[in-house]
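Engineer: Sending over input09.cif (mmCIF, C-alpha atoms).
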data_work
#
loop_
_atom_site.label_atom_id
_atom_site.label_comp_id
_atom_site.auth_asym_id
_atom_site.auth_seq_id
_atom_site.Cartn_x
_atom_site.Cartn_y
_atom_site.Cartn_z
CA MET A 1 0.00 0.00 0.00
CA SER A 2 1.44 3.34 -1.05
CA SER A 3 1.81 6.07 1.53
CA ALA A 4 2.22 8.82 -1.07
CA PRO A 5 -0.51 11.44 -0.89
CA ALA A 6 -3.04 11.42 -3.69
CA PRO A 7 -2.68 14.37 -6.04
CA ALA A 8 -5.06 17.17 -5.26
CA LEU A 9 -7.71 17.73 -7.88
CA HIS A 10 -8.81 21.19 -6.78
CA SER A 11 -8.48 23.79 -9.46
CA ASP A 12 -6.69 26.09 -7.00
CA SER A 13 -3.68 23.78 -6.99
CA ARG A 14 -3.11 24.12 -10.73
CA GLY A 15 -1.67 27.59 -10.47
CA PRO A 16 -2.59 30.29 -12.93
CA ALA A 17 -3.55 29.53 -16.50
CA VAL A 18 -0.60 30.00 -18.85
CA ILE A 19 -0.34 30.93 -22.50
CA GLY A 20 3.08 29.63 -23.45
CA LYS A 21 5.79 31.42 -25.37
CA SER A 22 5.18 29.52 -28.60
CA VAL A 23 1.50 30.52 -28.69
CA MET A 24 0.16 33.43 -30.73
CA ILE A 25 -3.45 34.51 -30.41
CA LYS A 26 -5.38 37.08 -32.42
CA GLY A 27 -8.64 38.08 -30.82
CA GLN A 28 -10.24 38.68 -27.44
CA ILE A 29 -9.28 36.89 -24.25
CA PHE A 30 -11.65 36.84 -21.26
CA SER A 31 -10.58 35.04 -18.12
CA ARG A 32 -12.21 34.32 -14.75
CA GLU A 33 -8.93 33.29 -13.18
CA ASP A 34 -5.39 34.61 -12.97
CA LEU A 35 -3.53 34.34 -16.26
CA THR A 36 0.10 34.38 -17.31
CA ILE A 37 0.88 35.23 -20.92
CA ASP A 38 4.33 34.42 -22.25
CA GLY A 39 3.27 34.29 -25.90
CA GLU A 40 1.99 36.89 -28.37
CA ILE A 41 -1.47 38.42 -28.25
CA ASP A 42 -2.99 40.76 -30.79
CA GLY A 43 -6.39 41.96 -29.66
CA SER A 44 -7.65 42.49 -26.09
CA VAL A 45 -7.28 40.84 -22.70
CA GLU A 46 -9.85 41.15 -19.90
CA LEU A 47 -9.59 39.58 -16.44
CA HIS A 48 -11.64 42.03 -14.42
CA GLU A 49 -11.22 40.49 -10.97
CA HIS A 50 -7.94 38.71 -11.52
CA ARG A 51 -4.25 39.13 -12.06
CA LEU A 52 -2.55 39.21 -15.44
CA THR A 53 1.17 38.49 -15.64
CA VAL A 54 2.94 39.23 -18.90
CA GLY A 55 6.01 37.01 -18.83
CA PRO A 56 9.45 37.99 -20.11
CA ASN A 57 8.65 36.54 -23.54
CA GLY A 58 5.13 37.94 -23.62
CA LYS A 59 4.27 40.47 -26.32
CA LEU A 60 0.85 42.06 -26.19
CA GLN A 61 -0.49 44.32 -28.87
CA ALA A 62 -3.65 44.69 -26.89
CA GLY A 63 -5.81 46.70 -24.57
CA VAL A 64 -5.73 45.18 -21.08
CA LYS A 65 -8.25 45.28 -18.22
CA ALA A 66 -7.50 43.42 -15.00
CA ARG A 67 -7.46 43.82 -11.23
CA GLU A 68 -3.69 43.59 -11.14
CA VAL A 69 -1.14 43.61 -13.97
CA VAL A 70 2.49 42.53 -13.70
CA VAL A 71 4.63 43.27 -16.75
CA LEU A 72 7.96 41.59 -17.43
CA GLY A 73 7.62 41.50 -21.23
CA SER A 74 6.01 44.10 -23.49
CA ILE A 75 2.59 45.67 -23.89
CA HIS A 76 1.59 48.05 -26.63
CA GLY A 77 -1.86 49.22 -25.69
CA ASN A 78 -3.84 50.91 -22.94
CA VAL A 79 -3.96 49.25 -19.53
CA GLU A 80 -6.64 49.52 -16.84
CA ALA A 81 -5.64 47.87 -13.58
CA SER A 82 -8.28 48.49 -10.93
CA ASP A 83 -5.88 47.68 -8.09
CA LYS A 84 -2.24 47.83 -9.18
CA ILE A 85 0.21 47.69 -12.07
CA ASP A 86 3.77 46.52 -11.55
CA ILE A 87 6.22 47.25 -14.40
CA ARG A 88 9.40 45.30 -13.86
CA LYS A 89 12.97 45.95 -14.98
CA ASP A 90 13.44 45.35 -18.74
CA ALA A 91 9.67 45.49 -19.34
CA ARG A 92 8.32 47.75 -22.07
CA LEU A 93 4.93 49.41 -21.99
CA VAL A 94 3.69 51.91 -24.54
CA GLY A 95 0.17 53.07 -23.83
CA ASP A 96 -1.97 54.92 -21.32
CA ILE A 97 -2.40 53.52 -17.81
CA LYS A 98 -5.37 53.96 -15.50
CA THR A 99 -4.83 52.39 -12.09
CA ALA A 100 -5.02 52.89 -8.34
CA ARG A 101 -1.34 52.11 -7.68
CA ILE A 102 1.74 51.82 -9.83
CA VAL A 103 5.20 50.38 -9.24
CA ILE A 104 7.84 50.90 -11.91
CA GLU A 105 11.33 49.49 -11.57
CA ASP A 106 14.46 51.22 -12.87
CA GLY A 107 15.30 49.87 -16.31
CA ALA A 108 11.68 49.57 -17.41
CA TYR A 109 10.62 51.53 -20.48
CA PHE A 110 7.30 53.32 -20.31
CA LYS A 111 5.79 55.81 -22.68
CA GLY A 112 2.31 57.12 -22.09
CA SER A 113 0.07 58.75 -19.53
CA ILE A 114 -0.63 57.64 -15.98
CA ASP A 115 -3.96 58.43 -14.43
CA ILE A 116 -4.25 57.42 -10.78
CA VAL A 117 -7.82 56.51 -9.83
CA ARG A 118 -8.22 57.28 -6.16
CA GLN A 119 -9.18 54.25 -4.07
CA GLU A 120 -11.49 56.21 -1.76
CA ALA A 121 -13.71 57.07 -4.69
CA LYS A 122 -14.51 53.38 -5.09
CA ALA A 123 -14.50 52.26 -1.44
CA ALA A 124 -17.30 52.70 1.08
CA PRO A 125 -17.06 55.90 3.09
CA ALA A 126 -14.78 55.51 6.09
CA PRO A 127 -12.94 57.84 8.43
CA LYS A 128 -9.90 59.07 6.61
CA PRO A 129 -6.64 59.02 8.58
CA ALA A 130 -4.39 62.02 8.28
CA PRO A 131 -1.90 61.39 5.48
CA ALA A 132 1.65 60.73 6.57
CA PRO A 133 4.17 63.22 5.21
CA ALA A 134 5.88 61.99 2.09
CA PRO A 135 9.40 60.71 2.77
CA GLN A 136 12.01 63.15 1.57
CA PRO A 137 15.38 61.87 0.46
CA ALA A 138 18.27 63.10 2.51
CA VAL A 139 20.08 65.97 0.88
CA SER A 140 23.59 66.67 1.97
CA ALA A 141 24.26 70.21 3.03
CA ALA A 142 26.89 70.60 0.35
CA ALA A 143 24.69 69.23 -2.39
CA ALA A 144 21.69 71.26 -1.33
CA SER A 145 23.58 74.49 -1.30
CA ALA A 146 25.70 73.85 -4.37
CA PRO A 147 23.69 74.87 -7.38
CA ALA A 148 21.14 77.43 -6.39
CA THR A 149 22.76 80.78 -6.84
CA PRO A 150 20.68 83.94 -6.83
CA VAL A 151 21.67 84.73 -10.41
CA ALA A 152 18.30 84.97 -12.09
CA SER A 153 16.96 87.09 -14.86
CA GLU A 154 13.56 87.26 -16.43
CA VAL A 155 12.35 88.49 -19.77
CA LYS A 156 8.66 89.41 -19.91
CA ARG A 157 6.77 90.15 -23.04
CA MET B 1 24.57 83.01 -30.86
CA LEU B 2 23.99 79.41 -31.63
CA LYS B 3 27.29 77.70 -32.23
CA ASP B 4 27.06 74.48 -34.17
CA ARG B 5 29.61 71.92 -33.06
CA SER B 6 28.74 69.34 -35.66
CA LYS B 7 32.03 69.72 -37.54
CA THR B 8 34.11 68.97 -34.49
CA GLU B 9 32.15 65.96 -33.31
CA ALA B 10 33.95 62.68 -33.16
CA ALA B 11 32.16 59.56 -34.27
CA SER B 12 30.77 57.49 -31.45
CA PRO B 13 28.76 54.29 -31.57
CA SER B 14 26.09 55.54 -29.22
CA PHE B 15 24.31 58.72 -28.19
CA PHE B 16 25.07 57.73 -24.58
CA SER B 17 28.84 57.40 -24.66
CA SER B 18 30.45 56.09 -21.51
CA HIS B 19 32.28 58.36 -19.11
CA LYS B 20 35.82 59.22 -20.15
CA SER B 21 37.15 58.69 -16.68
CA GLY B 22 35.85 55.14 -16.68
CA ALA B 23 33.96 55.04 -13.40
CA ALA B 24 30.50 56.54 -13.58
CA PRO B 25 29.90 59.47 -11.24
CA ALA B 26 27.61 58.98 -8.28
CA THR B 27 24.00 60.08 -8.12
CA GLN B 28 23.62 63.67 -6.96
CA THR B 29 20.69 65.17 -5.13
CA ARG B 30 20.52 68.93 -5.25
CA ALA B 31 18.29 71.96 -5.02
CA SER B 32 16.70 73.40 -8.15
CA ASN B 33 15.27 76.91 -8.37
CA GLY B 34 13.62 75.96 -11.65
CA LEU B 35 11.82 73.02 -10.12
CA ASP B 36 10.81 75.18 -7.16
CA GLN B 37 9.25 77.77 -9.49
CA PHE B 38 7.56 75.09 -11.55
CA PHE B 39 5.83 73.41 -8.62
CA ALA B 40 5.06 76.72 -6.87
CA SER B 41 3.10 77.71 -9.98
CA ILE B 42 0.82 74.68 -9.75
CA LYS B 43 0.55 74.60 -5.97
CA ASP B 44 -3.03 74.11 -4.75
CA LEU B 45 -4.18 73.03 -8.21
CA GLU B 46 -5.36 69.51 -9.03
CA ASN B 47 -6.13 67.37 -12.05
CA LEU B 48 -3.48 68.96 -14.21
CA SER B 49 -1.66 67.16 -17.02
CA ILE B 50 2.13 67.30 -16.80
CA LEU B 51 4.45 66.29 -19.62
CA ASP B 52 7.70 64.67 -18.44
CA PHE B 53 10.57 64.10 -20.88
CA ALA B 54 12.67 62.10 -18.39
CA THR B 55 13.01 58.34 -18.19
CA ALA B 56 9.88 56.96 -16.53
CA SER B 57 10.65 56.63 -12.84
CA GLN B 58 8.80 55.80 -9.67
CA ALA B 59 10.01 59.09 -8.17
CA ASN B 60 8.51 61.35 -10.84
CA ILE B 61 5.32 59.33 -11.20
CA SER B 62 4.70 59.16 -7.45
CA PHE B 63 5.50 62.83 -6.87
CA ILE B 64 3.27 64.17 -9.62
CA THR B 65 0.36 61.79 -9.13
CA ALA B 66 0.46 62.35 -5.34
CA LEU B 67 -0.23 66.03 -6.07
CA GLY B 68 -3.38 64.90 -7.87
CA HIS B 69 -2.06 65.36 -11.39
CA LYS B 70 -1.81 63.15 -14.44
CA ILE B 71 1.67 62.55 -15.86
CA TYR B 72 2.60 61.82 -19.44
CA SER B 73 6.01 60.16 -19.48
CA ASN B 74 8.30 59.90 -22.48
CA ASP B 75 12.06 59.25 -22.42
CA VAL B 76 13.02 61.72 -25.14
CA LEU B 77 16.78 61.07 -24.98
CA ARG B 78 16.02 57.46 -25.83
CA THR B 79 13.79 58.56 -28.70
CA LEU B 80 16.60 60.80 -29.95
CA GLU B 81 18.99 57.89 -29.89
CA GLU B 82 16.56 55.54 -31.63
CA LEU B 83 15.69 58.02 -34.38
CA PHE B 84 18.94 59.84 -35.03
CA GLY B 85 21.47 57.17 -34.21
CA GLY B 86 25.02 57.47 -32.97
CA GLU B 87 26.94 60.67 -32.47
CA GLY B 88 28.67 60.74 -35.88
CA GLU B 89 25.42 61.01 -37.85
CA PHE B 90 23.32 62.51 -35.13
CA LEU B 91 23.08 66.06 -36.48
CA ALA B 92 22.77 65.12 -40.14
CA ASN B 93 19.95 62.77 -39.25
CA GLN B 94 18.06 65.59 -37.55
CA ALA B 95 18.02 67.43 -40.88
CA ASP B 96 16.29 64.48 -42.53
CA PRO B 97 12.65 65.69 -42.89
CA GLU B 98 11.24 62.18 -42.57
CA ARG B 99 13.09 61.43 -39.32
CA ALA B 100 12.35 64.91 -37.95
CA ALA B 101 8.63 64.46 -38.64
CA ARG B 102 8.76 61.09 -36.90
CA PHE B 103 10.45 62.64 -33.88
CA LEU B 104 7.69 65.24 -33.55
CA LYS B 105 5.05 62.56 -34.02
CA GLU B 106 6.58 60.31 -31.35
CA THR B 107 7.16 63.05 -28.80
CA LEU B 108 4.53 65.74 -29.27
CA ALA B 109 1.57 64.30 -31.17
CA PHE B 110 -1.06 65.66 -28.81
CA PRO B 111 -4.10 67.85 -29.35
CA ASP B 112 -3.51 71.57 -28.82
CA GLU B 113 -3.45 72.79 -25.21
CA SER B 114 -3.24 69.28 -23.74
CA PHE B 115 -0.79 70.06 -20.93
CA ASP B 116 -0.59 72.37 -17.93
CA GLY B 117 3.18 72.08 -17.58
CA ALA B 118 6.21 70.41 -19.15
CA LEU B 119 9.41 69.11 -17.57
CA LEU B 120 11.83 68.97 -20.49
CA TRP B 121 15.01 68.64 -18.38
CA ASP B 122 18.06 68.90 -20.72
CA THR B 123 16.56 67.37 -23.86
CA LEU B 124 16.33 70.52 -25.99
CA GLN B 125 20.09 71.10 -26.02
CA PHE B 126 20.56 67.97 -28.13
CA LEU B 127 18.32 69.28 -30.91
CA VAL B 128 19.50 71.57 -33.69
CA PRO B 129 17.53 73.92 -35.95
CA PRO B 130 15.21 73.60 -37.73
CA LEU B 131 14.03 70.66 -35.60
CA LEU B 132 14.74 72.59 -32.38
CA ASP B 133 12.51 75.48 -33.48
CA GLU B 134 9.80 73.10 -34.68
CA THR B 135 9.87 71.32 -31.32
CA VAL B 136 9.58 74.59 -29.39
CA ASP B 137 6.71 75.68 -31.66
CA ARG B 138 4.93 72.37 -31.16
CA LEU B 139 5.39 72.67 -27.38
CA PHE B 140 3.75 76.10 -27.60
CA GLN B 141 0.75 74.44 -29.21
CA VAL B 142 0.37 71.53 -26.79
CA LEU B 143 0.77 73.69 -23.65
CA ARG B 144 -2.11 75.69 -22.25
CA PRO B 145 -1.68 79.48 -22.04
CA GLY B 146 -0.05 80.50 -18.77
CA SER B 147 1.53 77.12 -18.11
CA LEU B 148 5.26 76.68 -17.42
CA LEU B 149 7.95 74.61 -19.01
CA LEU B 150 11.26 73.80 -17.34
CA ALA B 151 14.38 73.18 -19.41
CA PHE B 152 18.08 72.90 -18.62
CA PHE B 153 20.99 74.00 -20.82
CA HIS B 154 24.68 73.71 -20.15
CA ALA B 155 26.09 77.17 -19.58
CA GLU B 156 29.73 76.49 -20.27
CA GLU B 157 30.60 77.40 -23.84
CA LYS B 158 33.79 75.37 -24.10
CA LEU B 159 32.33 72.19 -22.74
CA ASP B 160 33.83 69.12 -24.43
CA SER B 161 31.42 66.70 -22.93
CA ALA B 162 28.27 67.09 -20.89
CA PRO B 163 27.04 64.45 -18.47
CA LEU B 164 23.68 62.94 -19.30
CA TYR B 165 21.28 62.24 -16.47
CA SER B 166 18.00 60.66 -15.66
CA TYR B 167 16.26 63.40 -13.73
CA ARG B 168 14.23 62.35 -10.70
CA ILE B 169 12.07 64.63 -8.62
CA ALA B 170 13.12 64.29 -4.99
CA GLY B 171 10.90 67.06 -3.65
CA PRO B 172 9.26 70.32 -4.75
CA LYS B 173 12.67 72.02 -4.66
CA THR B 174 15.11 69.15 -5.09
CA MET B 175 16.02 66.64 -7.74
CA SER B 176 18.26 63.61 -8.08
CA LEU B 177 20.51 63.22 -11.11
CA ILE B 178 21.23 59.62 -12.06
CA PRO B 179 24.19 59.44 -14.49
CA ARG B 180 23.51 57.75 -17.84
CA GLY B 181 26.69 58.53 -19.81
CA GLU B 182 27.90 61.74 -21.35
CA ARG B 183 27.75 63.59 -24.64
CA ARG B 184 28.94 66.81 -26.19
CA PRO B 185 26.00 69.24 -26.39
CA THR B 186 25.13 69.88 -30.04
CA HIS B 187 25.44 73.62 -29.55
CA TYR B 188 25.78 76.31 -26.93
CA LEU B 189 22.70 78.40 -26.19
CA ASN B 190 23.23 81.63 -24.28
CA ASN B 191 20.52 83.82 -22.74
CA ARG B 192 19.91 85.81 -25.91
CA THR B 193 19.66 82.70 -28.04
CA LEU B 194 17.19 81.22 -25.59
CA GLU B 195 15.10 84.40 -25.53
CA LYS B 196 14.93 84.26 -29.30
CA LEU B 197 14.09 80.57 -29.27
CA PHE B 198 11.15 81.17 -26.91
CA GLN B 199 10.09 84.52 -28.39
CA LYS B 200 6.49 83.37 -28.88
CA TYR B 201 6.16 82.66 -25.16
CA GLN B 202 5.10 85.18 -22.48
CA SER B 203 8.30 85.21 -20.44
CA VAL B 204 11.66 83.49 -20.00
CA LYS B 205 13.44 83.33 -16.64
CA PHE B 206 16.98 82.05 -16.12
CA PHE B 207 18.79 80.63 -13.12
CA LEU B 208 22.49 80.04 -13.50
CA THR B 209 23.71 77.31 -11.19
CA ARG B 210 27.20 76.82 -9.81
CA ASP B 211 27.62 73.62 -11.77
CA HIS B 212 27.30 75.50 -15.08
CA LEU B 213 23.73 74.59 -15.76
CA ARG B 214 21.25 77.19 -16.93
CA GLU B 215 17.81 76.41 -15.56
CA VAL B 216 15.14 78.06 -17.67
CA ILE B 217 11.50 78.60 -16.73
CA VAL B 218 9.35 79.63 -19.68
CA ARG B 219 5.76 80.76 -19.39
CA ARG B 220 3.50 79.87 -22.31
#
Could you show the structure in this file as structure tokens?

Structural biologist:
Amino acid sequence: MSSAPAPALHSDSRGPAVIGKSVMIKGQIFSREDLTIDGEIDGSVELHEHRLTVGPNGKLQAGVKAREVVVLGSIHGNVEASDKIDIRKDARLVGDIKTARIVIEDGAYFKGSIDIVRQEAKAAPAPKPAPAPAPQPAVSAAAASAPATPVASEVKR
Amino acid sequence: MLKDRSKTEAASPSFFSSHKSGAAPATQTRASNGLDQFFASIKDLENLSILDFATASQANISFITALGHKIYSNDVLRTLEELFGGEGEFLANQADPERAARFLKETLAFPDESFDGALLWDTLQFLVPPLLDETVDRLFQVLRPGSLLLAFFHAEEKLDSAPLYSYRIAGPKTMSLIPRGERRPTHYLNNRTLEKLFQKYQSVKFFLTRDHLREVIVRR
């Protein structure tokens, strides 16, 4: 009698659906689960309540709508991420972004507009805590005083 | 007057040539009167559209969107490199009408009066006429009346090589400069040349910094 556990058959254990790097799709993709795309898509991708990951080989010529978008490959098209978009190093995104939060790593290429949709506009009304002051990078005294000389001139027409 | 340095340029394989000294200089964070004026002019306003010609960065995106504005990000130095190639052919390529038209299409193809401010950083000093004038004219069209643009120009006439930076906003009065190579500016623009360049605009204000950078605030 084997003591090895039986493989789980729940769909949750499968991990996200994957479109592999040798796959090319032209058309519309709708998904009700998280999706990873490492192939080429020409059309549109919609996963309203789920996460889309564009793998390092992924190339999307598509409009994208998802809860969360992680980009390691390239997207040419507009992206709506209701929660968050994460553009990783070496990723390329050309298009307009509408999202609540954005993370962009150094080395990523992005060209387009970023429109931050405020979370409180969507959430139920709740007491709003006082915003913490934004962290300011330390500026050395020498650096801070170095460039700004009072030599200024203005030409008005 | 505008001094063209095209005849003295040495051929180089890339727009972003590496630093002559070998080791890249460290990131600097420093005060900027130009940035201070720019953000003071939009203080207490919301839902503005700001054009940013720097490399897309978390710092610039977070700073501008936290003020309640929309940012349009476009790494124009990269576009310059992609369209006009290495240093040896860089200026001649700018005179090519097809490439020049493509540059304007890729950087400033927006409806008139789309933006409430523009952070151009040092990009304009790598453009030569007539493309430089066409770019400034196009900026005039895409900016709303009364809005500001911020541009930097090297103020040292005999500069052999100017460092190239990715400009990051560190605060309303401070910026970080991340080195990304160096390049000889295509020409030297003094105050009078700049006044002439922006003659269609309402006003031009200069700040000369100790590190030989001319910060220019121009009101549309």

Engineer: Between A:Val64, A:Ala81, A:Val23, A:Ile114, which residue has the minimum interatomic distance to chain B, considering all atoms listed in the file?

Structural biologist: A:Ile114

Engineer: Counting all atoms listed in the file, what is within 10 Å of stretch 89-98 of chain A, bar same-chain residues fewer than 2 positions away, as a PDB file with C-alpha atoms, in the frame of the given file?

Structural biologist:
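After the write, part_22.pdb holds the following:
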ATOM      1  CA  VAL A  54       2.940  39.230 -18.900  1.00  0.00           C
ATOM      2  CA  GLY A  55       6.010  37.010 -18.830  1.00  0.00           C
ATOM      3  CA  PRO A  56       9.450  37.990 -20.110  1.00  0.00           C
ATOM      4  CA  ASN A  57       8.650  36.540 -23.540  1.00  0.00           C
ATOM      5  CA  GLY A  58       5.130  37.940 -23.620  1.00  0.00           C
ATOM      6  CA  LYS A  59       4.270  40.470 -26.320  1.00  0.00           C
ATOM      7  CA  LEU A  60       0.850  42.060 -26.190  1.00  0.00           C
ATOM      8  CA  GLN A  61      -0.490  44.320 -28.870  1.00  0.00           C
ATOM      9  CA  ALA A  62      -3.650  44.690 -26.890  1.00  0.00           C
ATOM     10  CA  GLY A  63      -5.810  46.700 -24.570  1.00  0.00           C
ATOM     11  CA  VAL A  64      -5.730  45.180 -21.080  1.00  0.00           C
ATOM     12  CA  LYS A  65      -8.250  45.280 -18.220  1.00  0.00           C
ATOM     13  CA  VAL A  70       2.490  42.530 -13.700  1.00  0.00           C
ATOM     14  CA  VAL A  71       4.630  43.270 -16.750  1.00  0.00           C
ATOM     15  CA  LEU A  72       7.960  41.590 -17.430  1.00  0.00           C
ATOM     16  CA  GLY A  73       7.620  41.500 -21.230  1.00  0.00           C
ATOM     17  CA  SER A  74       6.010  44.100 -23.490  1.00  0.00           C
ATOM     18  CA  ILE A  75       2.590  45.670 -23.890  1.00  0.00           C
ATOM     19  CA  HIS A  76       1.590  48.050 -26.630  1.00  0.00           C
ATOM     20  CA  GLY A  77      -1.860  49.220 -25.690  1.00  0.00           C
ATOM     21  CA  ASN A  78      -3.840  50.910 -22.940  1.00  0.00           C
ATOM     22  CA  VAL A  79      -3.960  49.250 -19.530  1.00  0.00           C
ATOM     23  CA  GLU A  80      -6.640  49.520 -16.840  1.00  0.00           C
ATOM     24  CA  ALA A  81      -5.640  47.870 -13.580  1.00  0.00           C
ATOM     25  CA  SER A  82      -8.280  48.490 -10.930  1.00  0.00           C
ATOM     26  CA  ASP A  83      -5.880  47.680  -8.090  1.00  0.00           C
ATOM     27  CA  LYS A  84      -2.240  47.830  -9.180  1.00  0.00           C
ATOM     28  CA  ILE A  85       0.210  47.690 -12.070  1.00  0.00           C
ATOM     29  CA  ASP A  86       3.770  46.520 -11.550  1.00  0.00           C
ATOM     30  CA  ILE A  87       6.220  47.250 -14.400  1.00  0.00           C
ATOM     31  CA  ALA A 100      -5.020  52.890  -8.340  1.00  0.00           C
ATOM     32  CA  ARG A 101      -1.340  52.110  -7.680  1.00  0.00           C
ATOM     33  CA  ILE A 102       1.740  51.820  -9.830  1.00  0.00           C
ATOM     34  CA  ILE A 104       7.840  50.900 -11.910  1.00  0.00           C
ATOM     35  CA  GLU A 105      11.330  49.490 -11.570  1.00  0.00           C
ATOM     36  CA  ASP A 106      14.460  51.220 -12.870  1.00  0.00           C
ATOM     37  CA  GLY A 107      15.300  49.870 -16.310  1.00  0.00           C
ATOM     38  CA  ALA A 108      11.680  49.570 -17.410  1.00  0.00           C
ATOM     39  CA  TYR A 109      10.620  51.530 -20.480  1.00  0.00           C
ATOM     40  CA  PHE A 110       7.300  53.320 -20.310  1.00  0.00           C
ATOM     41  CA  LYS A 111       5.790  55.810 -22.680  1.00  0.00           C
ATOM     42  CA  GLY A 112       2.310  57.120 -22.090  1.00  0.00           C
ATOM     43  CA  SER A 113       0.070  58.750 -19.530  1.00  0.00           C
ATOM     44  CA  ILE A 114      -0.630  57.640 -15.980  1.00  0.00           C
ATOM     45  CA  ASP A 115      -3.960  58.430 -14.430  1.00  0.00           C
ATOM     46  CA  ILE A 116      -4.250  57.420 -10.780  1.00  0.00           C
ATOM     47  CA  VAL A 117      -7.820  56.510  -9.830  1.00  0.00           C
TER      48      VAL A 117
ATOM     49  CA  LYS B  70      -1.810  63.150 -14.440  1.00  0.00           C
ATOM     50  CA  TYR B  72       2.600  61.820 -19.440  1.00  0.00           C
ATOM     51  CA  SER B  73       6.010  60.160 -19.480  1.00  0.00           C
ATOM     52  CA  ASN B  74       8.300  59.900 -22.480  1.00  0.00           C
TER      53      ASN B  74
END

Engineer: Can you turn the PyMOL selection byres ((chain A and resi 21) around 8) into a concrete residue list for this file, as a tab-separated table (two decimals) with C-alpha atoms, keeping the file's coordinate frame?

Structural biologist:
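So the final result, stored in selection-v7.tsv, reads:
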chain	number	residue	atom	x	y	z
A	19	ILE	CA	-0.34	30.93	-22.50
A	20	GLY	CA	3.08	29.63	-23.45
A	22	SER	CA	5.18	29.52	-28.60
A	23	VAL	CA	1.50	30.52	-28.69
A	37	ILE	CA	0.88	35.23	-20.92
A	38	ASP	CA	4.33	34.42	-22.25
A	39	GLY	CA	3.27	34.29	-25.90
A	40	GLU	CA	1.99	36.89	-28.37
A	57	ASN	CA	8.65	36.54	-23.54
A	58	GLY	CA	5.13	37.94	-23.62

Engineer: Would you kindly report the residues of chain B within 6 Å of chain A, using only C-alpha atoms, as a PyMOL selection string?

Structural biologist: chain B and resi 30-31+56+58+70-74+202-210

Engineer: Could you state the separation of atom CA of B:Ser114 and atom CA of B:Phe153 in Å, given to one decimal place?

Structural biologist: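 Computed distance, atom CA of B:Ser114 to atom CA of B:Phe153, equals 24.9 Å.
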
Engineer: List the residues selected by the PyMOL selection byres ((chain B and resi 78) around 12) in the file shown, writing them as a ChimeraX atom specification.

Structural biologist: /A:109-111 /B:14-16,53-56,74-77,79-86,103,106-107,123,126,164-166,180

Engineer: Put those residues in a file: C-alpha atoms, as a PDB file, in the frame of the given file.

Structural biologist:
ATOM      1  CA  TYR A 109      10.620  51.530 -20.480  1.00  0.00           C
ATOM      2  CA  PHE A 110       7.300  53.320 -20.310  1.00  0.00           C
ATOM      3  CA  LYS A 111       5.790  55.810 -22.680  1.00  0.00           C
TER       4      LYS A 111
ATOM      5  CA  SER B  14      26.090  55.540 -29.220  1.00  0.00           C
ATOM      6  CA  PHE B  15      24.310  58.720 -28.190  1.00  0.00           C
ATOM      7  CA  PHE B  16      25.070  57.730 -24.580  1.00  0.00           C
ATOM      8  CA  PHE B  53      10.570  64.100 -20.880  1.00  0.00           C
ATOM      9  CA  ALA B  54      12.670  62.100 -18.390  1.00  0.00           C
ATOM     10  CA  THR B  55      13.010  58.340 -18.190  1.00  0.00           C
ATOM     11  CA  ALA B  56       9.880  56.960 -16.530  1.00  0.00           C
ATOM     12  CA  ASN B  74       8.300  59.900 -22.480  1.00  0.00           C
ATOM     13  CA  ASP B  75      12.060  59.250 -22.420  1.00  0.00           C
ATOM     14  CA  VAL B  76      13.020  61.720 -25.140  1.00  0.00           C
ATOM     15  CA  LEU B  77      16.780  61.070 -24.980  1.00  0.00           C
ATOM     16  CA  THR B  79      13.790  58.560 -28.700  1.00  0.00           C
ATOM     17  CA  LEU B  80      16.600  60.800 -29.950  1.00  0.00           C
ATOM     18  CA  GLU B  81      18.990  57.890 -29.890  1.00  0.00           C
ATOM     19  CA  GLU B  82      16.560  55.540 -31.630  1.00  0.00           C
ATOM     20  CA  LEU B  83      15.690  58.020 -34.380  1.00  0.00           C
ATOM     21  CA  PHE B  84      18.940  59.840 -35.030  1.00  0.00           C
ATOM     22  CA  GLY B  85      21.470  57.170 -34.210  1.00  0.00           C
ATOM     23  CA  GLY B  86      25.020  57.470 -32.970  1.00  0.00           C
ATOM     24  CA  PHE B 103      10.450  62.640 -33.880  1.00  0.00           C
ATOM     25  CA  GLU B 106       6.580  60.310 -31.350  1.00  0.00           C
ATOM     26  CA  THR B 107       7.160  63.050 -28.800  1.00  0.00           C
ATOM     27  CA  THR B 123      16.560  67.370 -23.860  1.00  0.00           C
ATOM     28  CA  PHE B 126      20.560  67.970 -28.130  1.00  0.00           C
ATOM     29  CA  LEU B 164      23.680  62.940 -19.300  1.00  0.00           C
ATOM     30  CA  TYR B 165      21.280  62.240 -16.470  1.00  0.00           C
ATOM     31  CA  SER B 166      18.000  60.660 -15.660  1.00  0.00           C
ATOM     32  CA  ARG B 180      23.510  57.750 -17.840  1.00  0.00           C
TER      33      ARG B 180
END

Engineer: Rounded to one decimal place, report the atom CA of B:Phe198-atom CA of B:Val136 distance in Å.

Structural biologist: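 Taking atom CA of B:Phe198 as the start and atom CA of B:Val136 as the end point, the length is 7.2 Å.
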
Engineer: In Å to one decimal, how far is atom CA of B:Phe63 from atom CA of B:Gly171?

Structural biologist: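 These atoms are spaced 7.6 Å apart.
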